[in-house]
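Undergrad: One structure is given below, represented as structure tokens, and several questions about it will come after.
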There are 2 protein chains.
Amino acid sequence: MCHHERMSNVRTPLPVLQPTGVEPCCPPLAERPFTPEEAERAARMFKALGDPVRVRLFSAIASREGGEACVCDISDVGVSQPTVSHHLRKLKEAGLLTSERRGTWVYYRVEPSVLAAMGALLGSPAAA
Amino acid sequence: MCHHERMSNVRTPLPVLQPTGVEPCCPPLAERPFTPEEAERAARMFKALGDPVRVRLFSAIASREGGEACVCDISDVGVSQPTVSHHLRKLKEAGLLTSERRGTWVYYRVEPSVLAAMGALLGSPAAA
DNA sequence: TCACTGTTTCGATGTCTGTCGATGTCCTGC
DNA sequence: GCAGGACATCGACAGACATCGAAACAGTGA
């Protein structure tokens, strides 16, 4: 663990964060049968969260105020540090996270539209 | 493909469907960092939907009225019949589907609480 | 410039997963 | 009982994946 707890919570103003291209993605799962393309997109998101370590990392970041955290603050999940980096990369590739280097540390941030998109995927029409 | 389109849409009264044990599972992802156990549960659900074929099968079933379909009505997803069976089994093992034999055909049904549970996982508090 | 720290990338290895054909099981109709 | 259709299981294979240690890279501060 690193020793800058305070700093990681400081809300330093962020430079512009370009949206990584997380579009609406898909209609609700229960609205109509997915096309192969839609299924591919949806599966990519689900797959990224299909690993316990990644779920913990994602949850750890999402639950922090501002929805961001530096790697050193979330890397005590029981696997080696390179492995943490590997998982964060996967989440990033899936469009669920963005990252940004700020001095020594790299901050990962939850793409806000992601949770909305996944929520829409499980839209209310199905829950009825 | 089989030739009983009409029958697959008939709402024959179903025998009792015992809930397969799909509990609340977890708090919203962004509420607090998940414990290892919570992460394990959540990852299992996500992982089950982390394959395009499974997403298509699940969507095909969920979008049918009544949330159920027989295998023969959804098996044109571009993979062999054993593979379809394999994927349906995975979805069932993950608690997302239940199955029931009705005469010649086997019907798969979306566990209603599942979509609600996953929706709760992505609960609104995060989207803020 | 140099040493130090935090993070990512690389290469190797063992495990898991998707896919298939062949075969088995269950049901229906003759 | 027997033939045939619907679906599940088995066994095998290729490709994908998780994981690690070692090494490379980026920034900081002296």
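Chain labels follow the order of the structure tokens: the first chain is A, the next B, and so on; residue numbering restarts at 1 in every chain, and ligands are counted from 1 in their shown order.
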Need to verify the contact set: D:DC25, 9 Å, only C-alpha atoms (C1' of nucleotides), exclusion of same-chain residues closer than 3 positions in sequence. Can you return it as a PyMOL selection string?
TA: chain C and resi 7-9
Undergrad: Based on the selection just made, write C-alpha atoms (C1' of nucleotides) of those residues as a compact mmCIF listing (two decimals), in the first residue's frame.
TA:
```txt
# COMPACT_ATOMS: atom_id res chain seq x y z
C1' DT C 7 2.85 1.25 -13.16
C1' DT C 8 2.79 -1.23 -17.43
C1' DT C 9 4.50 -4.63 -20.69
```
Undergrad: For stretch 2-4 of chain C, list every protein, DNA or RNA residue within 12 Å, evaluated using only C-alpha atoms (C1' of nucleotides), and leave out those in the same chain fewer than 5 positions away; present the list as a list in words.
TA: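 Once the nearby chain positions are removed, what remains is Thr104 of chain A; DG27, DT28, DG29 and DA30 of chain D.
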Undergrad: For chain B against chain D, which residues fall within 8 Å using only C-alpha atoms (C1' of nucleotides), given as a PyMOL selection string?
TA: chain B and resi 72+82+85+104-106
Undergrad: I'd like a table as CSV: residues in chain C with an atom no more than 8 Å from chain B, each row giving the shortest atom pair and its distance in Å to one decimal, only C-alpha atoms (C1' of nucleotides) counted, sorted by chain and rising residue number.
TA:
```
residue,atom,partner,partner_atom,distance
C:DG18,C1',B:Thr83,CA,7.9
C:DT19,C1',B:Thr83,CA,6.7
C:DC20,C1',B:Ser80,CA,7.5
C:DC26,C1',B:Thr104,CA,8.0
C:DC27,C1',B:Thr104,CA,5.2
C:DT28,C1',B:Thr104,CA,7.2
```
Undergrad: Go through B:Cys25, B:Ala69, B:Leu121, B:Leu115 one by one, measure the shortest atom-to-atom distance of each to chain A using only C-alpha atoms, and give the residue with the smallest value.
TA: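 Among the listed residues, B:Leu115 lies closest to chain A.
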Undergrad: Where does chain A meet chain B within 6 Å, residue by residue, with the nearest atom pair and distance in Å to one decimal for each, counting only C-alpha atoms, listed by chain and rising number, as a Markdown table?
TA:
```
| residue | atom | partner | partner_atom | distance |
| --- | --- | --- | --- | --- |
| A:Leu29 | CA | B:Ser59 | CA | 5.1 |
| A:Ala30 | CA | B:Ser63 | CA | 4.1 |
| A:Glu31 | CA | B:Ser63 | CA | 5.2 |
| A:Arg32 | CA | B:Ser63 | CA | 4.9 |
| A:Pro33 | CA | B:Ala60 | CA | 4.4 |
| A:Phe34 | CA | B:Arg56 | CA | 5.5 |
| A:Ala39 | CA | B:Pro52 | CA | 4.9 |
| A:Glu40 | CA | B:Pro52 | CA | 5.0 |
| A:Ala43 | CA | B:Gly50 | CA | 4.4 |
| A:Phe46 | CA | B:Gly50 | CA | 4.7 |
| A:Lys47 | CA | B:Gly50 | CA | 3.8 |
| A:Leu49 | CA | B:Phe46 | CA | 5.9 |
| A:Gly50 | CA | B:Lys47 | CA | 3.9 |
| A:Asp51 | CA | B:Ala43 | CA | 5.2 |
| A:Pro52 | CA | B:Ala39 | CA | 4.9 |
| A:Val55 | CA | B:Ala39 | CA | 5.6 |
| A:Arg56 | CA | B:Phe34 | CA | 5.5 |
| A:Ser59 | CA | B:Leu29 | CA | 5.0 |
| A:Ala60 | CA | B:Pro33 | CA | 4.4 |
| A:Ala62 | CA | B:Ala30 | CA | 4.6 |
| A:Ser63 | CA | B:Ala30 | CA | 4.1 |
| A:Leu115 | CA | B:Leu122 | CA | 5.9 |
| A:Gly119 | CA | B:Gly119 | CA | 5.8 |
| A:Leu122 | CA | B:Gly119 | CA | 5.9 |
| A:Ala127 | CA | B:Ala116 | CA | 5.6 |
```
Undergrad: Can you check which residues of stretch 44-94 of chain B DSSP gives as alpha helix (DSSP H) on the backbone and send them as a ChimeraX atom specification?
TA: /B:44-48,52-62,71-74,81-93
Undergrad: Using C-alpha atoms, can you write the selected residues to a file as a PDB file, in the first residue's frame?
TA:
```pdb
ATOM      1  CA  ARG B  44     -20.905 -15.545 -11.845  1.00  0.00           C
ATOM      2  CA  MET B  45     -23.953 -13.776 -13.199  1.00  0.00           C
ATOM      3  CA  PHE B  46     -21.974 -11.471 -15.444  1.00  0.00           C
ATOM      4  CA  LYS B  47     -19.809 -14.289 -16.680  1.00  0.00           C
ATOM      5  CA  ALA B  48     -22.825 -16.296 -17.722  1.00  0.00           C
ATOM      6  CA  PRO B  52     -22.433 -13.659 -27.473  1.00  0.00           C
ATOM      7  CA  VAL B  53     -24.249 -16.916 -28.053  1.00  0.00           C
ATOM      8  CA  ARG B  54     -25.538 -16.964 -24.504  1.00  0.00           C
ATOM      9  CA  VAL B  55     -26.653 -13.361 -24.747  1.00  0.00           C
ATOM     10  CA  ARG B  56     -28.614 -14.188 -27.861  1.00  0.00           C
ATOM     11  CA  LEU B  57     -30.196 -17.248 -26.281  1.00  0.00           C
ATOM     12  CA  PHE B  58     -31.076 -15.345 -23.138  1.00  0.00           C
ATOM     13  CA  SER B  59     -32.478 -12.430 -25.094  1.00  0.00           C
ATOM     14  CA  ALA B  60     -34.462 -14.752 -27.320  1.00  0.00           C
ATOM     15  CA  ILE B  61     -36.078 -16.366 -24.307  1.00  0.00           C
ATOM     16  CA  ALA B  62     -36.582 -13.175 -22.327  1.00  0.00           C
ATOM     17  CA  VAL B  71     -35.068 -25.054 -27.321  1.00  0.00           C
ATOM     18  CA  CYS B  72     -36.076 -25.713 -30.897  1.00  0.00           C
ATOM     19  CA  ASP B  73     -37.425 -22.192 -31.242  1.00  0.00           C
ATOM     20  CA  ILE B  74     -34.177 -20.489 -30.320  1.00  0.00           C
ATOM     21  CA  GLN B  81     -27.211 -28.292 -31.274  1.00  0.00           C
ATOM     22  CA  PRO B  82     -24.887 -29.685 -28.603  1.00  0.00           C
ATOM     23  CA  THR B  83     -23.314 -26.268 -28.274  1.00  0.00           C
ATOM     24  CA  VAL B  84     -26.694 -24.655 -27.770  1.00  0.00           C
ATOM     25  CA  SER B  85     -27.440 -27.214 -25.099  1.00  0.00           C
ATOM     26  CA  HIS B  86     -24.108 -26.487 -23.472  1.00  0.00           C
ATOM     27  CA  HIS B  87     -24.781 -22.763 -23.297  1.00  0.00           C
ATOM     28  CA  LEU B  88     -28.286 -23.213 -21.973  1.00  0.00           C
ATOM     29  CA  ARG B  89     -26.858 -25.382 -19.253  1.00  0.00           C
ATOM     30  CA  LYS B  90     -24.415 -22.658 -18.313  1.00  0.00           C
ATOM     31  CA  LEU B  91     -27.164 -20.097 -18.072  1.00  0.00           C
ATOM     32  CA  LYS B  92     -29.162 -22.497 -15.966  1.00  0.00           C
ATOM     33  CA  GLU B  93     -26.242 -23.239 -13.657  1.00  0.00           C
TER      34      GLU B  93
END
```
Undergrad: Could you check how far atom CA of A:Cys70 sits from atom C1' of C:DG6, in Å to one decimal?
TA: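 Interatomic distance, atom CA of A:Cys70 to atom C1' of C:DG6: 10.4 Å.
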Undergrad: At what distance in Å, to one decimal, does atom C1' of C:DC10 lie from atom CA of A:Gly95?
TA: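 That distance, rounded to one decimal, is 23.8 Å.
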Undergrad: In stretch 34-127 of chain A, what's strand (DSSP E) per DSSP? Answer as a list in words?
TA: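 Output for stretch 34-127 of chain A, strand (DSSP E) only: Glu68, Ala69, Cys70, Leu97, Thr98, Ser99, Glu100, Arg101, Arg102, Trp105, Val106, Tyr107, Tyr108, Arg109 and Val110 of chain A.
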Undergrad: I need the residues from that last selection saved to file as a PDB file, in the first residue's frame (with C-alpha atoms), if you can.
TA:
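Output saved as again-v1.pdb:
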```pdb
ATOM      1  CA  GLU A  68     -12.192   7.480  -9.507  1.00  0.00           C
ATOM      2  CA  ALA A  69      -9.213   6.015  -7.706  1.00  0.00           C
ATOM      3  CA  CYS A  70      -5.513   5.543  -8.204  1.00  0.00           C
ATOM      4  CA  LEU A  97     -13.118   2.627 -17.291  1.00  0.00           C
ATOM      5  CA  THR A  98     -10.910   5.452 -18.430  1.00  0.00           C
ATOM      6  CA  SER A  99      -7.447   6.112 -17.084  1.00  0.00           C
ATOM      7  CA  GLU A 100      -5.278   9.136 -16.742  1.00  0.00           C
ATOM      8  CA  ARG A 101      -1.806   9.649 -15.412  1.00  0.00           C
ATOM      9  CA  ARG A 102      -1.542  12.401 -12.855  1.00  0.00           C
ATOM     10  CA  TRP A 105      -0.011   7.833 -10.051  1.00  0.00           C
ATOM     11  CA  VAL A 106      -2.512   6.589 -12.575  1.00  0.00           C
ATOM     12  CA  TYR A 107      -6.145   7.248 -11.850  1.00  0.00           C
ATOM     13  CA  TYR A 108      -8.932   5.070 -13.152  1.00  0.00           C
ATOM     14  CA  ARG A 109     -12.388   6.462 -13.474  1.00  0.00           C
ATOM     15  CA  VAL A 110     -15.766   4.864 -14.051  1.00  0.00           C
TER      16      VAL A 110
END
```
Undergrad: Quick check, in Å to one decimal: how far apart do atom CA of A:Leu96 and atom C1' of C:DG14 lie?
TA: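 Between atom CA of A:Leu96 and atom C1' of C:DG14 the gap is 28.8 Å.
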